[in-house]
Structures are given as C-alpha cells and as structure tokens.
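Below is coords-v1.txt, holding compact mmCIF, C-alpha atoms.
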# COMPACT_ATOMS: atom_id res chain seq x y z
CA CYS A 1 31.10 40.80 -11.06
CA GLN A 2 34.75 39.90 -11.35
CA LEU A 3 35.43 36.99 -9.00
CA PRO A 4 38.55 35.01 -8.14
CA ASN A 5 39.16 32.00 -10.40
CA THR A 6 38.45 29.45 -7.64
CA GLY A 7 36.81 29.05 -4.29
CA LEU A 8 33.65 31.17 -4.44
CA THR A 9 31.03 28.58 -5.23
CA ARG A 10 28.54 29.26 -2.45
CA ASN A 11 24.89 28.81 -1.53
CA TYR A 12 23.74 32.27 -0.51
CA THR A 13 21.14 32.63 2.25
CA PHE A 14 20.52 36.40 2.20
CA SER A 15 21.83 39.62 0.73
CA VAL A 16 21.74 43.24 1.77
CA ILE A 17 23.17 46.42 0.29
CA ASN A 18 25.08 48.85 2.51
CA GLY A 19 26.41 51.81 0.54
CA ASP A 20 28.66 50.42 -2.20
CA MET A 21 28.84 46.96 -0.64
CA LEU A 22 26.68 43.94 -1.33
CA MET A 23 26.84 41.64 1.69
CA ALA A 24 25.77 38.04 1.11
CA GLY A 25 25.48 35.35 3.79
CA THR A 26 26.29 31.76 2.95
CA SER A 27 25.17 28.32 4.07
CA GLY A 28 28.79 27.79 5.11
CA GLY A 29 28.54 30.57 7.71
CA GLU A 30 30.48 33.25 5.88
CA ILE A 31 29.70 36.75 4.76
CA CYS A 32 30.92 37.63 1.26
CA LEU A 33 31.49 41.26 0.33
CA PHE A 34 31.23 42.61 -3.19
CA SER A 35 31.73 46.17 -4.44
CA ILE A 36 28.67 47.12 -6.46
CA TYR A 37 30.16 50.05 -8.35
CA SER A 38 33.53 48.42 -9.08
CA GLN A 39 31.81 45.07 -9.71
CA ILE A 40 34.50 43.12 -7.89
CA TYR A 41 34.72 40.65 -5.04
CA ARG A 42 36.23 42.19 -1.89
CA ALA A 43 36.38 39.63 0.93
CA THR A 44 34.92 36.58 2.65
CA MET A 45 34.80 36.28 6.44
CA PRO A 46 33.70 33.23 8.46
CA LEU A 47 31.20 34.28 11.15
CA SER A 48 29.10 31.25 12.06
CA SER A 49 28.85 27.50 11.89
CA ASN A 50 25.74 25.87 10.34
CA GLY A 51 25.14 28.83 8.02
CA LEU A 52 24.66 32.57 8.26
CA LEU A 53 20.89 33.06 8.12
CA SER A 54 20.00 36.67 9.00
CA ILE A 55 21.39 40.18 9.18
CA ALA A 56 20.48 43.64 10.49
CA LEU A 57 22.45 46.82 9.87
CA MET A 58 22.79 49.77 12.24
CA ASP A 59 25.13 52.62 11.31
CA ASP A 60 28.64 51.09 11.53
CA LYS A 61 27.37 47.96 13.32
CA ILE A 62 26.31 44.66 11.79
CA PHE A 63 24.24 42.03 13.58
CA VAL A 64 24.25 38.51 12.14
CA GLY A 65 22.30 35.41 13.12
CA GLY A 66 23.60 31.93 12.52
CA GLY A 67 22.52 28.34 12.29
CA ASP A 68 24.51 27.73 15.46
CA GLY A 69 21.99 29.85 17.44
CA LYS A 70 24.35 32.78 17.92
CA VAL A 71 23.74 36.47 17.32
CA LYS A 72 26.94 38.40 16.79
CA LYS A 73 27.50 42.14 16.85
CA LEU A 74 30.32 43.42 14.67
CA SER A 75 31.72 46.92 14.46
CA THR A 76 32.95 48.09 11.06
CA GLU A 77 34.26 51.42 12.29
CA GLY A 78 37.23 52.67 10.27
CA GLY A 79 36.91 49.80 7.80
CA ARG A 80 38.04 47.22 10.37
CA TRP A 81 35.65 44.44 11.39
CA ASN A 82 35.67 43.60 15.11
CA LEU A 83 33.42 41.23 17.04
CA SER A 84 32.20 43.14 20.09
CA HIS A 85 29.38 40.96 21.50
CA GLU A 86 27.86 37.51 21.10
CA ALA A 87 24.71 35.86 22.46
CA GLN A 88 23.63 32.19 22.34
CA LEU A 89 19.92 31.48 21.75
CA ASP A 90 17.83 28.31 21.48
CA GLY A 91 17.60 27.24 17.83
CA LYS A 92 18.85 28.67 14.54
CA VAL A 93 18.60 32.47 14.32
CA THR A 94 16.38 32.79 11.25
CA SER A 95 15.41 36.47 11.35
CA LEU A 96 16.55 39.78 12.85
CA SER A 97 14.76 43.13 12.80
CA LEU A 98 16.09 46.40 14.17
CA SER A 99 13.68 48.67 16.05
CA ILE A 100 13.00 52.17 14.74
CA ASP A 101 14.91 53.74 17.67
CA LYS A 102 17.79 51.25 17.10
CA LYS A 103 17.82 50.23 20.77
CA GLU A 104 16.69 46.64 20.30
CA LEU A 105 16.40 43.74 17.92
CA ILE A 106 13.52 41.34 17.60
CA VAL A 107 14.99 37.90 16.90
CA GLY A 108 13.16 34.88 15.44
CA THR A 109 14.42 31.30 15.72
CA SER A 110 13.80 27.89 14.18
CA THR A 111 12.38 26.71 17.54
CA SER A 112 9.38 29.10 17.26
CA LYS A 113 10.81 31.51 19.83
CA ILE A 114 10.91 35.29 19.57
CA TYR A 115 13.43 37.23 21.64
CA ARG A 116 13.90 40.90 22.51
CA MET A 117 17.59 41.80 22.43
CA LEU A 118 19.33 45.05 23.33
CA THR A 119 21.63 46.33 20.58
CA SER A 120 24.06 47.79 23.13
CA ASP A 121 25.24 44.50 24.67
CA LEU A 122 23.03 41.73 23.16
CA SER A 123 21.38 40.98 26.50
CA PHE A 124 18.05 39.29 25.76
CA MET A 125 14.79 37.97 27.11
CA ILE A 126 12.19 35.76 25.52
CA HIS A 127 9.24 37.65 24.08
CA THR A 128 7.10 34.62 23.23
CA ASP A 129 7.12 31.02 22.10
CA ALA A 130 3.50 31.07 20.91
CA HIS A 131 4.14 30.21 17.25
CA TYR A 132 3.55 26.68 15.94
CA GLY A 133 6.50 26.56 13.55
CA GLY A 134 9.94 28.05 13.18
CA ILE A 135 10.04 31.78 12.47
CA ASN A 136 10.62 32.58 8.80
CA ASP A 137 10.64 36.37 8.99
CA ILE A 138 10.10 39.14 11.49
CA ALA A 139 9.86 42.91 11.02
CA PHE A 140 9.08 46.04 12.97
CA GLY A 141 6.44 48.32 11.51
CA SER A 142 6.44 52.10 11.70
CA ASN A 143 6.94 52.15 15.49
CA ASN A 144 8.73 50.20 18.21
CA ASN A 145 5.53 48.87 19.77
CA GLU A 146 4.43 46.51 16.99
CA PHE A 147 6.11 43.91 14.83
CA ALA A 148 4.92 41.30 12.36
CA CYS A 149 6.03 37.70 12.24
CA ILE A 150 5.42 34.77 9.90
CA ASP A 151 6.23 31.18 10.77
CA GLU A 152 6.88 28.11 8.62
CA THR A 153 3.26 26.93 8.97
CA GLY A 154 2.04 30.12 7.25
CA ILE A 155 0.68 31.85 10.33
CA VAL A 156 1.15 35.61 10.42
CA LYS A 157 0.93 37.44 13.72
CA ILE A 158 1.22 41.07 14.67
CA TRP A 159 2.55 41.46 18.19
CA ASP A 160 2.33 44.26 20.71
CA ASN A 161 5.91 44.67 21.91
CA SER A 162 4.92 46.39 25.17
CA GLU A 163 2.03 44.17 26.27
CA TYR A 164 3.48 40.89 24.91
CA LYS A 165 0.19 39.98 23.26
CA THR A 166 -1.05 39.18 19.78
CA LEU A 167 -2.93 42.00 18.06
CA PHE A 168 -3.76 40.09 14.87
CA THR A 169 -3.46 36.51 13.58
CA ALA A 170 -3.98 35.20 10.06
CA SER A 171 -3.46 31.72 8.67
CA GLY A 172 -2.66 31.19 5.03
CA GLY A 173 -2.39 27.45 5.42
CA ARG A 174 0.04 25.24 3.58
CA GLY A 175 -0.26 25.02 -0.17

With the file now loaded, output its structure as structure tokens.
Amino acid sequence: CQLPNTGLTRNYTFSVINGDMLMAGTSGGEICLFSIYSQIYRATMPLSSNGLLSIALMDDKIFVGGGDGKVKKLSTEGGRWNLSHEAQLDGKVTSLSLSIDKKELIVGTSTSKIYRMLTSDLSFMIHTDAHYGGINDIAFGSNNNEFACIDETGIVKIWDNSEYKTLFTASGGRG
C-alpha cells in the first residue's frame, strides 16, 4: 500500500473489508481507511478515546465500540460520514455482533457484561453479567435467538437470546 511519508505508525486492533475499503481500528481510537484495489491510504478519522476495539457493518451504517465504553453509529450514506447515535456502556466495548435481521447488536465488554442494543437508536439493556472474565468475542449464529461468547478466562457459552439463559458452556482453561 502507498502510505503518506509520516504519521501512520499505528497499532491496529481490528480490520474489516467493506467493498473496496479496508477499515482498520487503532489503539489510538481512530479508523484508518485504505483502498484495496488502488492500494492507497484514503483517510484517518478519530472516533474514540482509549482505542477503537470492535466494529459491525450494516448496509451504509457502521457501528464501532471503543475503549471509552461508547458504541457509536455512523452513517456513510453518499460517501459522507456522520455520527447519528452514541451510547455509553460499563467497560470497554470489546466485541459487537449484528443480528441476522439487522435489528439489534449483541455487545460484549471488558467488565464481563453482555448487552442487547437496538440498531435503530442504540437503546440498550443488559442481557447478562454471568461471565467470569471480560468478553473477548461474541457472534450470532444462523438465527437471532442464539449467540456464542468467549471470555478472557477461556469459557465459551452459547446463549438463548429470548430466554436469557445459557444453552451450552465449555471451559478450555488457561494455557
């Protein structure tokens, strides 16, 4: 990739491809955009303090989670980036997963909490705080009623999103 001569030394926390764009989050709280096909740097935008840790894409909307505990919803309609909503949670937002129907996000935090959040306005409620360590990753399966979660202690749980109960638990232990 062709980068500017100075200023792009970053520690990247995640990356995702959206069409021609590679989006990379940084520990400085920015999102860096690179054109894949042109192999050039496009832009850097500050979005969070304490690092940008997670992302979910939905059509022309981008949801980002930061080390400051905020989830932000950005619209990229017409090539312009606009912040439309913001929500403050307890702990760093370490993982975001978009439901199959795109109506909600499941959000994992460093304080072991899992939240349900509406994509329309980012209103949220706590789903559970039954993990022993901070959430490393979270993902919906093939339907909106189940999602998997792994925490920093190595415990994997599959949750029922309607009944708010654990369907399966496995412990890999620390190695």

**Request:** Select all residues near (8.9, 37.2, 23.8) (cut-off 6 Å, inclusive, file coordinates), counting all atoms listed in the file, and output them as a PyMOL selection string.
**Result:** chain A and resi 114-115+126-128

**Request:** Excluding Ser97 in chain A and residues on its chain fewer than 4 positions from it, collect all residues at most 7 Å away from it, counting all atoms listed in the file, and give them as a VMD selection string.
**Result:** chain A and resid 56 105 to 107 138 to 140

Just the selected residues (C-alpha atoms), exported as an mmCIF file, in the coordinates of the input, please.
data_model
loop_
_atom_site.group_PDB
_atom_site.id
_atom_site.type_symbol
_atom_site.label_atom_id
_atom_site.label_comp_id
_atom_site.auth_asym_id
_atom_site.auth_seq_id
_atom_site.Cartn_x
_atom_site.Cartn_y
_atom_site.Cartn_z
ATOM 1 C CA ALA A 56 20.480 43.640 10.490
ATOM 2 C CA LEU A 105 16.400 43.740 17.920
ATOM 3 C CA ILE A 106 13.520 41.340 17.600
ATOM 4 C CA VAL A 107 14.990 37.900 16.900
ATOM 5 C CA ILE A 138 10.100 39.140 11.490
ATOM 6 C CA ALA A 139 9.860 42.910 11.020
ATOM 7 C CA PHE A 140 9.080 46.040 12.970
#

**Request:** Please provide the set of residues having any atom within 12 Å of Leu167 in chain A, restricted to only C-alpha atoms, with same-chain residues fewer than 3 positions apart removed, written as a list in words.
**Result:**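 Here the answer would be Asn145, Glu146, Phe147, Ala148, Cys149, Val156, Lys157, Ile158, Trp159, Asp160, Asn161, Ser162, Glu163, Tyr164 and Ala170 of chain A.
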
**Request:** Counting all atoms listed in the file, find the residues whose atoms lie at most 12 Å from (2.5, 29.1, 8.8) (file coordinates) and write them out as a list in words.
**Result:**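 Here the neighbourhood of the point contains Ser112, His131, Tyr132, Gly133, Gly134, Ile135, Asn136, Asp137, Cys149, Ile150, Asp151, Glu152, Thr153, Gly154, Ile155, Val156, Lys157, Thr169, Ala170, Ser171, Gly172, Gly173, Arg174 and Gly175 of chain A.
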
**Request:** State, in Å with one decimal place, the distance from CA of Ser15 in chain A to CA of Asn143 in chain A.
**Result:**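 Going from CA of Ser15 in chain A over to CA of Asn143 in chain A, I get 24.4 Å.
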
**Message:** Between A:Leu52, A:Gly19, A:Val71, A:Thr9, which residue has the minimum interatomic distance to Tyr37 in chain A, considering all atoms listed in the file?
**Reply:**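 Closest to Tyr37 in chain A of all the choices is A:Gly19.
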
**Item:** Point-to-point distance in Å for CA of Asn82 in chain A and CA of Asp60 in chain A
**Value:** 10.9 Å

**Atomic distance CA of Glu77 in chain A - CA of Ser95 in chain A, expressed in Å with one decimal** =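 Taking CA of Glu77 in chain A and CA of Ser95 in chain A, their separation equals 24.1 Å.
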